[in-house]
Each structure stands twice: as structure tokens, then as C-alpha cells.
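Here's the structure, in C-alpha cells; my notes come after.
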Amino acid sequence: MNAPRSRLAAVSAYLPETTMTTGELEDRVAARSPGADFPRGLVERGSGVRRRHLAAPGELPSDLAVRASREALEDAGARPLDLDLVIYAGVLGDTVEPATAHVVAAKLGAACPVFDVRNACNGFVNAIEIADAFIARGTHRRILIACGELLSSGTPWTVASTEEFFAAAVHYTFSDAGAAMVLEAGAEPGVLGTRFSAESAAWRLAAVPVTNLTSDPDAPAAAIGRFDYDFLAFADAFNRLDLEALHKPLAEAGLRWRDFAVVCVHQAALPYLWAFCDRAGIPPDKTVVTIADHGNVASATLPLQLARAVRDGRVRRGDLVAMVGLASGISAGIVIARW
């Protein structure tokens, strides 16, 4: 008897209706920061982000994930009670304890095991690899992967100086979104290959620290710090990253980038997307550009791109798709699948 194979049954993304242009964002920061004199248009020129989404007041990461999950389940013809596992794969979550997957499952009405997977912006594609392994082992038949990114919650709307504005600039590219994917057991393979690599010595180049983490009773309480991001050093580290993890699965499968309907690539800045594609040999016309109109949505970026490509008819059933992950840590990887 052949082992079951995982198929991508459905993918969905939820984008909040409220949006803000980069110009409007700069106006708001300037109005609240009389001590900061910064050049207008800098964020858009440097990142390519024209617009971002803002979640409604009171919405949590789990709410964004649930909105996307309900659509994905409907598209897959499944109910929450049909799920064997829920994996939450967002950078942000509702809680430190317990796993946000519990919150998502409870809001959906699922009654199955759950856990979280966190690996910066690569959490979602790492979760695909895990789900594929579980289905191939025969222990699970239907798995939901979900994430909700409420990145606007960390936006520094007030800065004390021009220098502080530049230091916080990466925050002004962030956006809010939810994403979900349903994987099911099937006779024909959907996930054809995965491969990941990491250069963990570079983890300090892009990090959100937990400050005051100590047992000292006289120290201030622990808190989540601001995103500390050294763009030039971070880009240089990625430029030195061995891309064998991306190219080897292609060679093993006898595939080239041109064989894919789309190649979804993580997008933190539009100029770097094109530079990375040039280095990796990815044809620009195979990409799905979302960062310009939707901002950087962290782990929701790759499923958002795939969902858009499916909606727009660029990907049809039976087409090959690739998801190329790039994340703080640093890590890179690829998921090759047949939609």
C-alpha cells in the first residue's frame, strides 16, 4: 500500500479593509513628532511600499488567522471538526502562553491537537514541511496552517528625532494580514519537495528582544523591545547565504524556475526582491508582487502571494508552484508543490 501524499486543498488570505498610504503614514508621524525632520517619500523609495493594511481596533492575530481559515476551510469543503491538527505559524500571536493555535482552534470550533511553529517569516513554510511529514506518516489526514500578523501594533507613531525615525523606518513597511492553508491526504503528491538552511550566527542583525529578562527581583519587568534591524548588514548576510538549499531540490526534481506557474518569494523590500531574484536566477515575471500594495506581512507573505495567484487565474489545478522563504535568523528555504 502506497503511503499517503499531501495535497494543497486550499489557500486563503485576509486583508483588513482599512488601509493607509505611505504618504498618510508620514503625515501622521510628522504631526506627532515635531522634533523629527525627515525627508518625505523615503520609506516608499527604499521599500517600495505604497500602502499597508490596518486591522480593526480590538482585532487580535488570532482573529486575522480565523478570518483566513474560515475561507480556506470553505474552499476545501471541510468543517473545523474535520481537522486533525491546527498549526499556528505567525511571527506574532495573542499570547506567550498558551499556544495561539489553541485560540484559533477555539474560535473556529475545532476539536483536535494544536501547536505553534515560530521561525520569523519562514514559520508558514516550515509548517508546510511539518504538515507534509505528518500526512505522509499516515497519522493525520487534514491539517490547517494559519497565521495572523498584527504588525501595525508596533508602529512608532511618535519619534523624538530624525535619527530615531531612520532607526524605526522598517516598522513603517509593516502591514496586517491573516493567511491559511489546508493540506489533505491524497493519492497524488502535492508537496514535491522542501529544503531549508540557516546561518544562525547572524541572528542579531534583525531581532525583537525580550528586555529585562532576568530573575533579579529588583529589575524592571520583562517587556517586548522594538525591532532592531541593521539593514545593510542583514542584506549583506543574505547576499553571502549559500543558495544550495533552493537550487538542489530543483535539480533533484529535474525542474527549472521557468517550469513553475509562479515563484512566490518573501518580500521585505521591493528593491531587495529584484536583487535576490537576479542572484537566484528567478525570472521576475514568475513572481507575485504584493509588498507594494499590501506591505510586509511577515509569515503571511507567501500564502498571500499564492492565494492572489490562484484568485487571478495565474495558478490552476495541476500547476507547479514554488514558495521561497527568507527570514530573520537568518534562514532560507523552499517548498515545491503541485497545486
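Labels used: A, B, ... for chains in the order of the C-alpha cells, numbers from 1 for residues in each chain, and numbers from 1 for ligands as shown.
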Filtered DSSP result for region 9-50 of chain A, state alpha helix (DSSP H), as a list in words: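 The alpha helix (DSSP H) subset of region 9-50 of chain A is Thr22, Gly23, Glu24, Leu25, Glu26, Asp27, Arg28, Val29, Ala30, Ala31, Arg32, Leu42, Val43, Glu44, Arg45, Gly46 and Ser47 of chain A.
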Expected answer as a VMD selection string: strand (DSSP E or B) residues in region 173-234 of chain A: chain A and resid 174 176 to 186 191 to 198 206 to 207 210 to 211 223 to 224 228 to 229
Option closest in space to Val289 (chain A), from A:Ser215, A:Gln267, A:Ser69, A:Ser62 [counting only C-alpha atoms]: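 Between A:Ser215, A:Gln267, A:Ser69, A:Ser62, the residue approaching Val289 (chain A) most closely is A:Gln267.
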Exercise: His266 (chain A) partners within 12 Å, only C-alpha atoms, chain neighbours under 6 positions left out, as a PyMOL selection string: chain A and resi 120-125+272-274+276-277+287-291+295-306+322-328+331-334
Filtering to N, CA and C atoms, could you give me those residues as a compact mmCIF listing (two decimals), in the first residue's frame?
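Heads up, here's the output in selection.txt:
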```txt
# COMPACT_ATOMS: atom_id res chain seq x y z
N ALA A 120 10.34 33.26 12.56
CA ALA A 120 10.25 34.55 11.89
C ALA A 120 9.33 34.41 10.68
N CYS A 121 9.73 34.98 9.54
CA CYS A 121 8.85 34.99 8.37
C CYS A 121 8.79 33.64 7.65
N ASN A 122 9.60 32.67 8.08
CA ASN A 122 9.56 31.34 7.47
C ASN A 122 8.67 30.36 8.21
N GLY A 123 7.98 30.82 9.24
CA GLY A 123 7.15 29.91 10.03
C GLY A 123 6.13 29.16 9.20
N PHE A 124 5.49 29.85 8.25
CA PHE A 124 4.42 29.22 7.49
C PHE A 124 4.96 28.10 6.60
N VAL A 125 6.07 28.35 5.91
CA VAL A 125 6.60 27.31 5.02
C VAL A 125 7.24 26.17 5.83
N TYR A 272 15.14 44.80 -2.83
CA TYR A 272 15.86 43.57 -2.49
C TYR A 272 15.23 42.36 -3.17
N LEU A 273 13.91 42.38 -3.38
CA LEU A 273 13.27 41.28 -4.10
C LEU A 273 13.91 41.10 -5.46
N TRP A 274 14.07 42.20 -6.20
CA TRP A 274 14.65 42.10 -7.55
C TRP A 274 16.11 41.69 -7.49
N PHE A 276 17.51 39.83 -5.16
CA PHE A 276 17.57 38.41 -4.80
C PHE A 276 17.19 37.53 -5.98
N CYS A 277 16.13 37.91 -6.71
CA CYS A 277 15.71 37.12 -7.87
C CYS A 277 16.83 37.06 -8.90
N THR A 287 7.24 36.03 -10.44
CA THR A 287 6.96 36.45 -9.07
C THR A 287 5.54 37.01 -8.95
N VAL A 288 5.07 37.11 -7.71
CA VAL A 288 3.77 37.71 -7.40
C VAL A 288 4.07 38.87 -6.45
N VAL A 289 4.06 40.08 -6.95
CA VAL A 289 4.46 41.24 -6.15
C VAL A 289 3.28 41.70 -5.28
N THR A 290 3.45 41.60 -3.97
CA THR A 290 2.41 42.03 -3.04
C THR A 290 2.86 43.17 -2.13
N ILE A 291 4.16 43.38 -1.99
CA ILE A 291 4.63 44.33 -0.99
C ILE A 291 4.23 45.76 -1.32
N GLY A 295 2.17 45.83 1.72
CA GLY A 295 3.21 45.94 2.74
C GLY A 295 3.84 44.60 3.08
N ASN A 296 4.72 44.65 4.07
CA ASN A 296 5.38 43.44 4.55
C ASN A 296 4.50 42.79 5.61
N VAL A 297 3.96 41.62 5.30
CA VAL A 297 3.05 40.93 6.22
C VAL A 297 3.70 39.68 6.83
N ALA A 298 5.03 39.68 6.90
CA ALA A 298 5.79 38.65 7.61
C ALA A 298 5.42 37.24 7.13
N SER A 299 5.03 36.36 8.04
CA SER A 299 4.81 34.95 7.66
C SER A 299 3.60 34.76 6.75
N ALA A 300 2.74 35.78 6.64
CA ALA A 300 1.58 35.68 5.75
C ALA A 300 1.95 35.99 4.30
N THR A 301 3.18 36.43 4.05
CA THR A 301 3.56 36.89 2.71
C THR A 301 3.43 35.82 1.65
N LEU A 302 3.99 34.64 1.87
CA LEU A 302 3.98 33.60 0.84
C LEU A 302 2.59 33.04 0.59
N PRO A 303 1.80 32.70 1.62
CA PRO A 303 0.43 32.26 1.32
C PRO A 303 -0.42 33.36 0.69
N LEU A 304 -0.16 34.62 1.05
CA LEU A 304 -0.88 35.73 0.40
C LEU A 304 -0.58 35.73 -1.09
N GLN A 305 0.67 35.57 -1.46
CA GLN A 305 1.03 35.57 -2.88
C GLN A 305 0.37 34.42 -3.62
N LEU A 306 0.41 33.23 -3.01
CA LEU A 306 -0.20 32.08 -3.67
C LEU A 306 -1.71 32.26 -3.80
N ALA A 322 6.22 27.34 -6.50
CA ALA A 322 7.33 27.32 -5.55
C ALA A 322 7.14 28.45 -4.56
N MET A 323 7.48 28.20 -3.31
CA MET A 323 7.46 29.22 -2.26
C MET A 323 8.86 29.32 -1.68
N VAL A 324 9.47 30.48 -1.85
CA VAL A 324 10.86 30.71 -1.41
C VAL A 324 10.82 31.59 -0.16
N GLY A 325 11.26 31.03 0.95
CA GLY A 325 11.23 31.74 2.22
C GLY A 325 12.57 32.37 2.57
N LEU A 326 12.52 33.59 3.08
CA LEU A 326 13.69 34.31 3.57
C LEU A 326 13.29 34.94 4.90
N ALA A 327 14.11 34.75 5.94
CA ALA A 327 13.66 35.20 7.25
C ALA A 327 14.82 35.59 8.14
N SER A 328 14.50 36.41 9.13
CA SER A 328 15.47 36.75 10.18
C SER A 328 15.93 35.47 10.83
N SER A 331 17.42 32.53 7.93
CA SER A 331 17.13 31.25 7.32
C SER A 331 16.53 31.46 5.93
N ALA A 332 16.69 30.44 5.12
CA ALA A 332 16.12 30.44 3.77
C ALA A 332 15.63 29.04 3.47
N GLY A 333 14.69 28.94 2.54
CA GLY A 333 14.20 27.61 2.20
C GLY A 333 13.21 27.66 1.08
N ILE A 334 12.75 26.49 0.66
CA ILE A 334 11.84 26.40 -0.47
C ILE A 334 10.86 25.25 -0.27
```
Once you count only C-alpha atoms, what closest atom pair and distance in Å to one decimal does each residue of region 113-180 of chain A within 10 Å of region 57-61 of chain A have, with rows by chain and rising residue number, as CSV?
```
residue,atom,partner,partner_atom,distance
A:Cys147,CA,A:Pro61,CA,7.3
A:Gly148,CA,A:Pro61,CA,4.2
A:Glu149,CA,A:Pro61,CA,5.6
A:Leu150,CA,A:Pro61,CA,5.6
A:Leu151,CA,A:Pro61,CA,9.1
A:Ser153,CA,A:Leu60,CA,9.8
A:Asp176,CA,A:Pro61,CA,8.7
A:Ala177,CA,A:Pro61,CA,8.4
A:Gly178,CA,A:Pro61,CA,7.5
```
Keeping all heavy atoms for every residue in the selection just given, could you write it to a file as a short mmCIF file (atom, residue, chain, number, x, y, z; two decimals), in the first residue's frame?
```cif
data_model
loop_
_atom_site.label_atom_id
_atom_site.label_comp_id
_atom_site.auth_asym_id
_atom_site.auth_seq_id
_atom_site.Cartn_x
_atom_site.Cartn_y
_atom_site.Cartn_z
N CYS A 147 -1.98 31.81 10.21
CA CYS A 147 -1.19 32.84 10.88
C CYS A 147 -1.97 34.15 10.84
O CYS A 147 -2.81 34.36 9.96
CB CYS A 147 0.18 33.01 10.24
SG CYS A 147 0.15 33.72 8.58
N GLY A 148 -1.68 35.01 11.78
CA GLY A 148 -2.24 36.35 11.81
C GLY A 148 -1.15 37.32 12.20
O GLY A 148 -0.52 37.15 13.24
N GLU A 149 -0.89 38.30 11.35
CA GLU A 149 0.19 39.25 11.62
C GLU A 149 -0.39 40.64 11.88
O GLU A 149 -0.92 41.28 10.98
CB GLU A 149 1.17 39.29 10.44
CG GLU A 149 1.83 37.96 10.14
CD GLU A 149 2.77 37.47 11.25
OE1 GLU A 149 2.70 37.98 12.38
OE2 GLU A 149 3.58 36.57 10.97
N LEU A 150 -0.30 41.07 13.13
CA LEU A 150 -0.79 42.39 13.55
C LEU A 150 0.43 43.31 13.73
O LEU A 150 0.68 43.84 14.81
CB LEU A 150 -1.59 42.27 14.84
CG LEU A 150 -2.41 43.48 15.28
CD1 LEU A 150 -3.52 43.78 14.29
CD2 LEU A 150 -3.00 43.23 16.67
N LEU A 151 1.17 43.49 12.66
CA LEU A 151 2.45 44.19 12.75
C LEU A 151 2.28 45.69 13.00
O LEU A 151 3.21 46.34 13.49
CB LEU A 151 3.25 43.96 11.47
CG LEU A 151 3.56 42.49 11.16
CD1 LEU A 151 4.36 42.39 9.86
CD2 LEU A 151 4.33 41.83 12.29
N SER A 153 0.72 46.99 15.24
CA SER A 153 0.69 47.24 16.68
C SER A 153 2.01 47.76 17.21
O SER A 153 2.06 48.36 18.29
CB SER A 153 0.31 45.96 17.43
OG SER A 153 1.28 44.94 17.19
N ASP A 176 -0.87 44.50 8.25
CA ASP A 176 -1.63 43.46 8.95
C ASP A 176 -2.30 42.52 7.95
O ASP A 176 -2.81 42.96 6.91
CB ASP A 176 -2.70 44.09 9.84
CG ASP A 176 -2.11 45.03 10.88
OD1 ASP A 176 -0.91 44.89 11.20
OD2 ASP A 176 -2.85 45.91 11.37
N ALA A 177 -2.33 41.23 8.28
CA ALA A 177 -2.96 40.25 7.39
C ALA A 177 -3.13 38.93 8.12
O ALA A 177 -2.46 38.65 9.12
CB ALA A 177 -2.12 40.03 6.13
N GLY A 178 -3.99 38.11 7.59
CA GLY A 178 -4.14 36.73 8.04
C GLY A 178 -3.99 35.81 6.84
O GLY A 178 -4.25 36.22 5.70
#
```
